[in-house]
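Structure file coords_14.cif; described as mmCIF, C-alpha atoms and all ligand atoms.
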data_structure
#
loop_
_atom_site.label_atom_id
_atom_site.label_comp_id
_atom_site.auth_asym_id
_atom_site.auth_seq_id
_atom_site.Cartn_x
_atom_site.Cartn_y
_atom_site.Cartn_z
CA MET L 169 24.69 56.76 84.04
CA THR L 170 25.36 53.13 84.84
CA GLU L 171 23.84 52.03 81.53
CA HIS L 172 26.16 54.09 79.36
CA ASN L 173 28.10 51.13 78.16
CA GLN L 174 25.28 48.76 77.41
CA HIS L 175 25.68 48.93 73.68
CA SER L 176 29.36 49.14 73.39
CA SER L 177 30.30 45.50 73.07
CA PRO L 178 32.57 45.41 70.06
CA GLY L 179 31.50 43.33 67.10
CA SER L 180 27.81 43.42 68.00
CA GLY L 181 26.84 44.78 64.60
CA LEU L 182 27.20 47.97 62.61
CA SER L 183 27.11 51.16 64.62
CA LEU L 184 24.18 53.47 64.09
CA ASN L 185 26.49 55.99 62.39
CA SER L 186 27.54 53.47 59.79
CA ARG L 187 23.95 52.44 59.16
CA ILE L 188 22.86 56.06 58.75
CA LEU L 189 25.79 56.77 56.42
CA ILE L 190 24.82 53.77 54.32
CA GLY L 191 21.24 55.07 54.34
CA LEU L 192 22.49 58.44 53.14
CA ALA L 193 24.56 56.95 50.33
CA VAL L 194 21.71 54.65 49.25
CA GLY L 195 19.38 57.67 49.27
CA ILE L 196 21.68 59.67 46.96
CA VAL L 197 22.08 56.74 44.57
CA ILE L 198 18.32 56.05 44.46
CA GLY L 199 17.49 59.75 43.99
CA LEU L 200 20.01 60.34 41.22
CA THR L 201 19.13 57.07 39.44
CA LEU L 202 15.41 57.82 39.51
CA ARG L 203 16.22 61.26 38.10
CA LEU L 204 17.61 59.58 35.00
CA PHE L 205 14.30 57.81 34.43
CA SER L 206 12.15 60.71 35.59
CA SER L 207 8.44 60.10 34.87
CA GLU L 208 5.07 61.08 36.26
CA TRP L 209 4.75 57.68 37.89
CA ILE L 210 8.04 58.14 39.76
CA ASP L 211 7.06 61.70 40.77
CA VAL L 212 3.66 60.73 42.10
CA TRP L 213 4.20 57.27 43.56
CA LEU L 214 7.79 57.28 44.71
CA ILE L 215 9.05 60.82 45.28
CA ASP L 216 5.86 62.46 46.51
CA GLY L 217 4.46 59.11 47.67
CA VAL L 218 6.55 56.46 49.38
CA PHE L 219 9.65 58.60 50.07
CA GLN L 220 7.69 61.56 51.27
CA VAL L 221 5.63 59.42 53.63
CA ILE L 222 8.61 57.55 55.11
CA GLY L 223 10.75 60.70 55.38
CA ASN L 224 8.01 62.74 57.00
CA LEU L 225 7.07 59.95 59.39
CA PHE L 226 10.68 59.94 60.56
CA ILE L 227 10.81 63.72 61.06
CA ASN L 228 7.40 63.61 62.76
CA ALA L 229 8.63 60.92 65.13
CA LEU L 230 11.56 63.10 66.16
CA GLN L 231 9.42 66.19 66.47
CA MET L 232 6.79 64.31 68.43
CA LEU L 233 9.32 63.92 71.21
CA VAL L 234 10.66 67.46 71.30
CA VAL L 235 8.03 69.16 73.46
CA PRO L 236 7.50 66.33 75.99
CA LEU L 237 11.24 65.71 76.19
CA VAL L 238 12.20 69.34 76.71
CA LEU L 239 9.47 69.85 79.28
CA VAL L 240 10.08 66.70 81.32
CA SER L 241 13.83 66.72 81.04
CA LEU L 242 14.10 70.38 82.00
CA ILE L 243 11.75 69.99 84.96
CA CYS L 244 14.01 67.15 86.17
CA GLY L 245 17.12 69.21 85.51
CA ALA L 246 15.90 72.38 87.22
CA SER L 247 14.55 70.50 90.22
CA ALA L 248 17.85 68.62 90.60
CA LEU L 249 19.84 71.86 90.70
CA GLY L 250 18.41 72.48 94.12
CA ASP L 251 19.39 76.09 94.46
CA PRO L 252 17.66 78.71 92.25
CA SER L 253 20.74 80.94 92.36
CA ARG L 254 22.70 78.14 90.71
CA LEU L 255 20.22 78.33 87.87
CA GLY L 256 21.01 82.02 87.45
CA ARG L 257 24.75 81.32 87.28
CA LEU L 258 24.17 78.52 84.79
CA GLY L 259 21.98 80.75 82.63
CA GLY L 260 24.57 83.53 82.64
CA LYS L 261 27.45 81.28 81.62
CA THR L 262 25.42 79.56 78.93
CA LEU L 263 24.17 82.79 77.38
CA ALA L 264 27.64 84.34 77.44
CA LEU L 265 29.14 81.34 75.65
CA TYR L 266 26.33 81.17 73.09
CA LEU L 267 26.76 84.86 72.28
CA LEU L 268 30.53 84.49 72.10
CA THR L 269 30.45 81.58 69.63
CA THR L 270 27.84 83.27 67.43
CA GLY L 271 29.86 86.51 67.49
CA ILE L 272 33.00 84.67 66.38
CA ALA L 273 31.02 82.82 63.69
CA VAL L 274 29.56 85.89 62.04
CA THR L 275 32.82 87.85 62.27
CA LEU L 276 34.68 84.99 60.63
CA ALA L 277 32.03 84.83 57.92
CA ILE L 278 32.00 88.53 57.08
CA THR L 279 35.79 88.63 57.01
CA ALA L 280 35.86 85.68 54.62
CA GLY L 281 33.14 87.30 52.51
CA LEU L 282 35.13 90.53 52.24
CA VAL L 283 38.42 88.82 51.44
CA ILE L 284 37.22 86.19 48.97
CA ARG L 285 34.49 88.40 47.43
CA PRO L 286 32.17 85.63 46.20
CA GLY L 287 29.73 88.15 44.71
CA ALA L 288 32.14 90.07 42.53
CA GLY L 289 30.86 90.06 38.95
CA ALA L 290 27.66 88.05 39.54
CA ASP L 291 24.87 88.22 36.96
CA LEU L 292 21.67 89.28 38.71
CA THR L 293 19.24 89.68 35.86
CA SER L 294 17.62 86.27 36.38
CA ALA L 295 16.78 86.93 40.02
CA ALA L 296 13.10 86.36 40.73
CA GLU L 297 11.16 88.42 43.23
CA TYR L 298 11.36 86.97 46.72
CA VAL L 299 8.53 87.60 49.11
CA GLY L 300 9.88 86.98 52.56
CA ASN L 301 8.59 87.07 56.10
CA THR L 302 10.42 89.01 58.72
CA ALA L 303 11.50 87.78 62.12
CA PRO L 304 9.63 88.95 65.25
CA SER L 305 10.89 92.21 66.81
CA LEU L 306 12.88 92.22 70.04
CA VAL L 307 9.92 93.61 72.01
CA GLU L 308 7.69 90.82 70.71
CA VAL L 309 10.31 88.26 71.65
CA LEU L 310 10.64 89.69 75.18
CA ILE L 311 6.90 89.82 75.82
CA ALA L 312 6.49 86.24 74.63
CA LEU L 313 9.06 84.96 77.16
CA ILE L 314 6.39 84.19 79.73
CA PRO L 315 3.56 82.15 78.28
CA THR L 316 0.01 83.21 79.14
CA ASN L 317 -0.98 79.65 78.38
CA PRO L 318 1.75 77.01 78.67
CA ILE L 319 -0.41 74.42 76.93
CA ARG L 320 -0.69 76.68 73.91
CA ALA L 321 3.07 77.28 73.95
CA MET L 322 3.52 73.51 73.90
CA ALA L 323 0.91 73.03 71.19
CA GLU L 324 2.68 75.62 69.05
CA GLY L 325 6.14 74.31 69.97
CA ASN L 326 7.39 77.72 71.18
CA MET L 327 10.59 76.70 72.85
CA ILE L 328 11.51 79.70 75.04
CA PRO L 329 8.14 79.96 76.87
CA ILE L 330 8.23 76.18 77.37
CA ILE L 331 11.75 76.44 78.80
CA ILE L 332 10.69 79.19 81.20
CA PHE L 333 7.58 77.30 82.30
CA ALA L 334 9.60 74.13 82.93
CA LEU L 335 12.27 76.06 84.86
CA LEU L 336 9.63 77.63 87.09
CA ILE L 337 7.97 74.26 87.78
CA GLY L 338 11.41 72.74 88.47
CA VAL L 339 12.33 75.48 90.94
CA SER L 340 8.92 75.16 92.66
CA ILE L 341 9.49 71.42 93.02
CA THR L 342 12.66 72.08 95.01
CA LEU L 343 10.73 74.44 97.28
CA ALA L 344 7.66 72.22 97.78
CA GLY L 345 9.01 69.70 100.31
CA ASP L 346 7.47 66.20 100.23
CA ALA L 347 5.03 67.00 97.45
CA GLY L 348 7.99 68.28 95.44
CA ARG L 349 10.00 65.09 96.02
CA ARG L 350 7.07 62.91 94.91
CA THR L 351 6.43 65.04 91.82
CA ARG L 352 10.09 64.90 90.91
CA GLY L 353 10.06 61.09 91.11
CA ILE L 354 7.22 60.97 88.59
CA PHE L 355 9.00 63.29 86.16
CA GLU L 356 12.26 61.36 86.48
CA ASP L 357 10.54 58.08 85.61
CA PHE L 358 8.79 59.72 82.70
CA ASN L 359 12.11 61.16 81.52
CA ALA L 360 13.71 57.70 81.48
CA VAL L 361 10.78 56.38 79.45
CA ILE L 362 11.02 59.16 76.86
CA MET L 363 14.79 58.70 76.51
CA ARG L 364 14.11 55.04 75.80
CA LEU L 365 11.77 56.09 73.01
CA VAL L 366 14.51 58.37 71.59
CA GLY L 367 16.75 55.28 71.37
CA MET L 368 14.02 53.37 69.51
CA ILE L 369 13.50 56.13 66.96
CA MET L 370 17.24 56.42 66.38
CA HIS L 371 17.25 52.75 65.45
CA VAL L 372 14.96 53.28 62.46
CA ALA L 373 16.69 56.50 61.40
CA PRO L 374 18.62 54.94 58.48
CA TYR L 375 15.34 54.26 56.62
CA GLY L 376 14.07 57.77 57.28
CA VAL L 377 17.37 59.24 56.11
CA THR L 378 17.34 57.17 52.89
CA ALA L 379 13.85 58.42 52.05
CA LEU L 380 14.64 62.08 52.83
CA ILE L 381 17.89 62.12 50.88
CA ALA L 382 16.51 60.16 47.89
CA ARG L 383 13.77 62.77 47.55
CA LEU L 384 16.25 65.61 47.87
CA ALA L 385 18.71 64.15 45.36
CA TYR L 386 15.84 63.57 42.91
CA THR L 387 14.49 67.12 43.14
CA ALA L 388 17.76 69.02 43.50
CA GLY L 389 19.99 66.85 41.34
CA GLY L 390 23.48 68.23 40.94
CA GLU L 391 22.35 71.82 40.36
CA PHE L 392 24.15 73.36 43.27
CA PHE L 393 27.44 72.90 41.44
CA GLY L 394 26.35 75.72 39.12
CA ASN L 395 27.20 79.43 39.20
CA LEU L 396 26.79 79.88 42.94
CA ALA L 397 29.60 77.46 43.57
CA VAL L 398 31.95 80.01 45.12
CA TYR L 399 29.31 81.12 47.61
CA VAL L 400 28.41 77.54 48.51
CA VAL L 401 32.01 76.41 48.84
CA LEU L 402 32.88 79.49 50.91
CA VAL L 403 29.98 78.95 53.34
CA LEU L 404 30.82 75.25 53.65
CA SER L 405 34.52 76.02 54.24
CA ILE L 406 33.81 78.52 57.01
CA LEU L 407 31.33 76.10 58.57
CA ILE L 408 34.04 73.45 58.61
CA ILE L 409 36.65 75.88 59.97
CA HIS L 410 34.30 76.86 62.78
CA VAL L 411 33.79 73.20 63.70
CA VAL L 412 37.38 72.04 63.45
CA ILE L 413 39.12 75.18 64.77
CA THR L 414 36.87 77.53 66.80
CA TYR L 415 35.04 74.86 68.82
CA PRO L 416 38.08 72.69 69.58
CA LEU L 417 40.02 75.82 70.62
CA ILE L 418 37.32 77.03 73.02
CA LEU L 419 36.79 73.50 74.32
CA SER L 420 40.44 72.85 75.07
CA LEU L 421 41.08 76.34 76.43
CA LEU L 422 38.18 76.17 78.85
CA THR L 423 38.12 72.47 79.77
CA ARG L 424 41.36 70.77 78.66
CA LEU L 425 39.20 67.92 77.31
CA SER L 426 40.12 66.18 74.04
CA PRO L 427 38.43 67.97 71.13
CA ILE L 428 39.04 64.96 68.90
CA LEU L 429 36.88 62.80 71.13
CA PHE L 430 34.25 65.53 71.16
CA LEU L 431 34.08 65.70 67.37
CA ARG L 432 34.08 61.93 66.97
CA LYS L 433 31.15 61.60 69.32
CA MET L 434 29.11 64.19 67.41
CA TRP L 435 28.81 62.05 64.26
CA ALA L 436 25.37 60.55 64.88
CA ALA L 437 23.92 63.92 65.86
CA TRP L 438 25.44 65.50 62.73
CA LEU L 439 23.77 62.94 60.53
CA PHE L 440 20.40 63.65 62.14
CA ALA L 441 20.86 67.41 61.88
CA PHE L 442 22.00 67.09 58.28
CA SER L 443 19.04 64.95 57.24
CA THR L 444 16.36 66.95 59.05
CA ALA L 445 17.86 70.48 58.65
CA SER L 446 16.31 71.30 62.00
CA SER L 447 18.09 71.77 65.33
CA ASN L 448 14.72 71.56 67.02
CA ALA L 449 13.89 68.16 65.56
CA THR L 450 17.42 67.04 66.48
CA ILE L 451 17.05 68.02 70.17
CA PRO L 452 16.36 64.41 71.29
CA VAL L 453 19.53 63.20 69.57
CA THR L 454 21.68 66.14 70.73
CA LEU L 455 20.45 65.63 74.27
CA ARG L 456 21.20 61.94 74.15
CA THR L 457 24.65 62.62 72.68
CA VAL L 458 25.72 65.12 75.33
CA GLU L 459 24.39 62.99 78.19
CA LYS L 460 25.20 59.42 77.19
CA ARG L 461 28.21 59.97 74.93
CA LEU L 462 29.86 63.11 76.33
CA GLY L 463 28.89 62.63 79.96
CA ALA L 464 27.11 65.93 80.68
CA ASP L 465 24.59 65.63 83.48
CA ASN L 466 20.90 66.04 82.66
CA LYS L 467 20.75 68.97 85.11
CA ILE L 468 22.88 71.01 82.70
CA ALA L 469 22.02 69.48 79.33
CA SER L 470 18.25 69.68 79.77
CA PHE L 471 18.67 73.44 80.03
CA THR L 472 21.48 74.22 77.60
CA VAL L 473 20.46 71.98 74.67
CA PRO L 474 16.86 73.15 74.07
CA LEU L 475 17.95 76.72 74.77
CA GLY L 476 20.80 76.38 72.29
CA ALA L 477 18.53 74.89 69.62
CA THR L 478 16.53 78.10 69.78
CA ILE L 479 19.05 80.86 70.41
CA ASN L 480 22.43 79.54 69.33
CA MET L 481 22.82 79.30 65.59
CA ASP L 482 26.45 79.70 64.65
CA GLY L 483 26.08 77.93 61.31
CA THR L 484 23.15 80.16 60.41
CA ALA L 485 25.16 83.23 61.40
CA ILE L 486 27.98 82.10 59.09
CA MET L 487 25.63 81.74 56.14
CA GLN L 488 24.10 85.14 56.87
CA GLY L 489 27.44 86.90 57.20
CA ILE L 490 28.71 85.54 53.90
CA ALA L 491 25.36 86.04 52.16
CA THR L 492 25.34 89.71 53.18
CA ALA L 493 28.80 90.29 51.75
CA PHE L 494 27.93 88.21 48.66
CA ILE L 495 24.71 90.05 47.81
CA ALA L 496 26.20 93.46 48.57
CA GLN L 497 29.08 92.71 46.17
CA ALA L 498 26.77 91.21 43.58
CA TYR L 499 24.68 94.39 43.52
CA GLY L 500 27.76 96.59 43.70
CA ILE L 501 26.62 98.07 47.04
CA ASP L 502 29.40 99.22 49.33
CA LEU L 503 28.50 98.53 52.93
CA SER L 504 30.46 100.54 55.51
CA VAL L 505 32.32 99.00 58.44
CA THR L 506 29.57 100.31 60.73
CA GLN L 507 26.96 98.59 58.57
CA TYR L 508 28.88 95.33 58.74
CA LEU L 509 29.14 95.74 62.52
CA SER L 510 25.40 96.27 62.69
CA VAL L 511 25.01 93.08 60.63
CA VAL L 512 27.00 91.24 63.31
CA VAL L 513 24.68 92.51 66.06
CA LEU L 514 21.56 91.90 63.97
CA VAL L 515 22.54 88.37 63.11
CA ILE L 516 23.15 87.55 66.77
CA MET L 517 19.85 89.15 67.84
CA ALA L 518 17.88 87.55 65.01
CA SER L 519 19.07 84.07 65.88
CA ILE L 520 17.78 84.52 69.44
CA GLY L 521 14.20 85.06 68.35
CA ALA L 522 13.80 82.21 65.89
CA ALA L 523 13.33 78.49 66.32
CA GLY L 524 15.73 75.92 64.83
CA VAL L 525 13.57 74.76 61.96
CA PRO L 526 14.39 74.26 58.26
CA GLY L 527 14.94 77.44 56.30
CA VAL L 528 14.55 79.88 59.15
CA GLY L 529 18.01 81.32 58.45
CA ILE L 530 16.80 82.68 55.11
CA VAL L 531 13.75 84.30 56.73
CA LEU L 532 16.02 85.98 59.26
CA LEU L 533 18.29 87.11 56.47
CA ALA L 534 15.41 89.09 55.01
CA THR L 535 15.31 91.07 58.26
CA VAL L 536 19.05 91.68 58.15
CA PHE L 537 18.85 92.84 54.52
CA ALA L 538 15.98 95.18 55.34
CA GLN L 539 18.01 96.81 58.11
CA VAL L 540 21.12 97.48 56.05
CA GLY L 541 19.19 98.34 52.90
CA LEU L 542 20.16 95.41 50.69
CA PRO L 543 17.59 94.41 48.04
CA GLN L 544 15.27 91.64 49.26
CA GLU L 545 15.26 89.99 45.86
CA GLY L 546 18.93 89.21 46.44
CA ILE L 547 17.61 86.42 48.61
CA ALA L 548 16.17 84.76 45.52
CA LEU L 549 19.72 84.37 44.27
CA ILE L 550 20.78 82.16 47.10
CA LEU L 551 17.44 80.47 47.74
CA GLY L 552 18.13 77.77 45.18
CA VAL L 553 21.23 76.54 46.95
CA ASP L 554 20.00 77.12 50.45
CA ARG L 555 18.72 73.64 51.19
CA ILE L 556 22.13 72.00 51.14
CA LEU L 557 23.59 74.86 53.19
CA ASP L 558 20.69 74.60 55.62
CA MET L 559 21.56 70.95 56.22
CA ALA L 560 25.22 71.72 56.80
CA ARG L 561 24.68 74.77 59.01
CA THR L 562 22.18 72.89 61.17
CA ALA L 563 24.91 70.34 61.93
CA VAL L 564 27.14 73.26 62.98
CA ASN L 565 24.36 74.82 65.06
CA ILE L 566 23.95 71.72 67.18
CA THR L 567 27.72 71.25 67.50
CA GLY L 568 27.86 74.68 69.15
CA ASP L 569 25.07 73.66 71.52
CA ALA L 570 26.92 70.46 72.45
CA MET L 571 30.27 72.23 72.90
CA VAL L 572 28.81 74.90 75.18
CA THR L 573 26.93 72.21 77.13
CA THR L 574 30.19 70.32 77.66
CA VAL L 575 32.03 73.46 78.81
CA VAL L 576 29.25 74.53 81.18
CA ALA L 577 28.84 70.98 82.57
CA LYS L 578 32.55 70.71 83.20
CA SER L 579 32.70 74.12 84.92
CA GLU L 580 29.81 73.11 87.17
CA GLY L 581 31.44 69.79 88.09
CA GLU L 582 28.60 67.99 86.26
CA LEU L 583 30.61 66.23 83.54
CA ASP L 584 31.34 62.53 83.96
CA GLU L 585 34.81 62.34 82.44
CA SER L 586 34.84 58.54 82.47
CA ILE L 587 31.99 58.73 79.94
CA TYR L 588 33.63 61.56 77.98
CA ASN L 589 36.91 59.69 77.68
CA ASP L 590 35.33 56.36 76.74
CA PRO L 591 35.11 56.33 72.93
CA GLU L 592 32.42 53.65 73.05
CA ALA L 593 30.18 55.22 75.69
CA GLY L 594 26.56 55.40 74.62
CA VAL L 595 27.16 53.96 71.14
CA ILE L 596 24.03 52.38 69.70
CA ARG L 597 24.73 49.19 67.82
CA ASP L 598 22.48 47.22 65.61
CA ASP L 599 22.35 44.19 67.85
CA PRO L 600 19.28 42.02 68.33
CA THR L 601 18.67 42.97 71.96
CA PRO L 602 16.34 45.92 72.44
CA ALA L 603 18.19 49.26 72.77
CA SER L 604 18.32 51.09 76.00
CA ALA L 605 17.93 54.84 76.02
N1 LIG I 1 17.74 74.95 59.93
C1 LIG I 1 18.53 75.66 60.90
C2 LIG I 1 18.38 75.00 62.25
O1 LIG I 1 17.40 74.37 62.53
C3 LIG I 1 18.17 77.08 61.02
C4 LIG I 1 18.49 77.78 59.72
O2 LIG I 1 19.62 78.24 59.57
O3 LIG I 1 17.64 77.84 58.83
O4 LIG I 1 19.23 75.13 63.10
#

As structure tokens, how would this structure be written, given the file I've shared?
Ligand code: ASP
Amino acid sequence: MTEHNQHSSPGSGLSLNSRILIGLAVGIVIGLTLRLFSSEWIDVWLIDGVFQVIGNLFINALQMLVVPLVLVSLICGASALGDPSRLGRLGGKTLALYLLTTGIAVTLAITAGLVIRPGAGADLTSAAEYVGNTAPSLVEVLIALIPTNPIRAMAEGNMIPIIIFALLIGVSITLAGDAGRRTRGIFEDFNAVIMRLVGMIMHVAPYGVTALIARLAYTAGGEFFGNLAVYVVLVLSILIIHVVITYPLILSLLTRLSPILFLRKMWAAWLFAFSTASSNATIPVTLRTVEKRLGADNKIASFTVPLGATINMDGTAIMQGIATAFIAQAYGIDLSVTQYLSVVVLVIMASIGAAGVPGVGIVLLATVFAQVGLPQEGIALILGVDRILDMARTAVNITGDAMVTTVVAKSEGELDESIYNDPEAGVIRDDPTPASA
């Protein structure tokens, strides 16, 4: 980690965060202004033309890196652990923490939903029929853990089978003597090259963000301030509470590290998660944040971050907990305590089987509703406001991944505290020299 300070010279230009924030603001202004002059030409050439192309190129560029980065980085990480039993311990701790944070999230959400009662007195007559998919069953998820064809798993971007394949290769490298050492060298070089590419893509992010947000502001306008306001505000409030109270508490209880520093260093990753609404697409940025900014070693982060992007979705759990209470109240259905408890378990299980991609939380919610007997068309009610919540909950999802990574890294003696405590570590600045990873 000798390079962690390369871009921290003060005064060398705007930080990436500031540039992305400016991009976000410019996007909102452009989108809302174009909305005032809405015409077919704007729809076709700008919104579904230029902005869509730039925005999608940006998301594609991030996604392009996910599979190679997870594979290579995890092979390096697992092979550096040395001892397969250490991997088992690491896996146990990580899973326990992921389950704990998701459990707290959904409990908090349901409690808030029951106290504030956002659905009381809602008018449901305008609800359109929603035809939803359901999430895969637990048996399907278990069988799919080991890929019959790792190349297909990579082609389809199935994260868990890729993680398992990479772990097995990594462990075999440690057991394969000289051949293993040579193979590891190749993967480590490749990993450094890919991280460099992550840095390059982050540099152009402000343009991608402007395009994505301009398109969103144009299509969505200010509608979400309408009659679902209480639901939206409640979800957003609990998301914020989880980030500023639950995570800092767990972090300081288990590590004694400064939670303020942790939150400050998450900014860039939040902006990426917010703009893409996908924890999966944000993996490169989350990984870079926990390694270069928070000081977690690649050995730990390469395992916990991709795993978290798939199975740890605290923000999603919060939305689902509140949505369940909201829809039940809106339809005047009284769910029992046992039913709410089963919602807690279902939400945790459902988040394990689904990838961190836009909108997946709503698909999973259909499964939860089916189990407790809530009407599926209730989902149509909240669908309209889900995009903005998706963006916000994705930022929370990756914060949970980063927090757990920090805790696990620290407990394994794999956290470089000089990096963690340096506010400028790993900051990317807009200076003329090419960025390092
Ligand atoms: N978009 C979320 C994520 O990628 C998942 C969801 O809640 O829809 O983490």

Using all atoms listed in the file: which of L:Leu429, L:Met481, L:Leu396, L:Ala577 has the shortest distance to Ala593 in chain L: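 Answer, going by the shortest atom-to-atom distance: L:Leu429.
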
Show me the residues close to (29.7, 73.6, 50.3) - anything with an atom within 12 Å, counting all atoms listed in the file - and format the list as an mmCIF file with C-alpha atoms, in the frame of the given file.
data_model
loop_
_atom_site.group_PDB
_atom_site.id
_atom_site.type_symbol
_atom_site.label_atom_id
_atom_site.label_comp_id
_atom_site.auth_asym_id
_atom_site.auth_seq_id
_atom_site.Cartn_x
_atom_site.Cartn_y
_atom_site.Cartn_z
ATOM 1 C CA PHE L 392 24.150 73.360 43.270
ATOM 2 C CA PHE L 393 27.440 72.900 41.440
ATOM 3 C CA GLY L 394 26.350 75.720 39.120
ATOM 4 C CA LEU L 396 26.790 79.880 42.940
ATOM 5 C CA ALA L 397 29.600 77.460 43.570
ATOM 6 C CA VAL L 398 31.950 80.010 45.120
ATOM 7 C CA TYR L 399 29.310 81.120 47.610
ATOM 8 C CA VAL L 400 28.410 77.540 48.510
ATOM 9 C CA VAL L 401 32.010 76.410 48.840
ATOM 10 C CA LEU L 402 32.880 79.490 50.910
ATOM 11 C CA VAL L 403 29.980 78.950 53.340
ATOM 12 C CA LEU L 404 30.820 75.250 53.650
ATOM 13 C CA SER L 405 34.520 76.020 54.240
ATOM 14 C CA ILE L 406 33.810 78.520 57.010
ATOM 15 C CA LEU L 407 31.330 76.100 58.570
ATOM 16 C CA ILE L 408 34.040 73.450 58.610
ATOM 17 C CA MET L 487 25.630 81.740 56.140
ATOM 18 C CA VAL L 553 21.230 76.540 46.950
ATOM 19 C CA ASP L 554 20.000 77.120 50.450
ATOM 20 C CA ARG L 555 18.720 73.640 51.190
ATOM 21 C CA ILE L 556 22.130 72.000 51.140
ATOM 22 C CA LEU L 557 23.590 74.860 53.190
ATOM 23 C CA ASP L 558 20.690 74.600 55.620
ATOM 24 C CA MET L 559 21.560 70.950 56.220
ATOM 25 C CA ALA L 560 25.220 71.720 56.800
ATOM 26 C CA ARG L 561 24.680 74.770 59.010
#

- request: Tell me which protein, DNA and RNA residues are within 6 Å of range 489-493 of chain L, counting all atoms listed in the file, leaving out same-chain ones fewer than 2 positions away, and put them as a list in words.
  value: Val274, Ala277, Ile278, Gly281, Ile486, Met487, Ile495 and Ala496 of chain L

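Taking CA of Val453 in chain L and CA of Ile413 in chain L as the two end points, the separation is 23.5 Å.
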
* List all protein, DNA and RNA residues that have an atom no more than 9 Å from any atom of ligand LIG 1 (chain I), counting all atoms listed in the file, and report them as a PyMOL selection string. => chain L and resi 441+444-450+477-478+480-485+487-488+519+522-532+554-555+557-566

Exercise for review: Take CA of Leu335 in chain L and CA of Leu422 in chain L and report the distance between them in Å, one decimal.
Suggested key: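 Distance reported for this atom pair: 26.6 Å.
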
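Residue neighbourhood of range 338-354 of chain L, excluding near-sequence residues (fewer than 4 positions): Leu239, Val240, Ser241, Leu242, Ile243, Cys244, Gly245, Ala246, Ser247, Ala248, Leu249, Gly250, Asp251, Pro252, Leu255, Ile332, Phe333, Ala334, Phe358 and Asn359 of chain L, at 10 Å, using all atoms listed in the file.
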
Which residues of range 223-285 of chain L come within 10 Å of range 320-325 of chain L, and what is each one's closest atom pair and distance in Å (one decimal), counting all atoms listed in the file, sorted by chain and residue number, as CSV?
residue,atom,partner,partner_atom,distance
L:Gln231,CA,L:Gly325,CA,9.4
L:Val234,CA,L:Gly325,CA,8.3
L:Val235,CA,L:Met322,CA,6.3
L:Pro236,CA,L:Met322,CA,8.5
L:Leu239,CA,L:Met322,CA,8.8

Q) Between CA of Asp569 in chain L and CA of Tyr588 in chain L, what is the spacing in Å? A)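 Spanning CA of Tyr588 in chain L to CA of Asp569 in chain L is a straight-line distance of 16.2 Å.
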
Need the axis-aligned box for range 455-469 of chain L with 8 Å each side, so what are the centre and edges in Å to one decimal, as JSON?
{"center_x": 25.2, "center_y": 65.2, "center_z": 78.9, "size_x": 25.4, "size_y": 27.6, "size_z": 28.4}
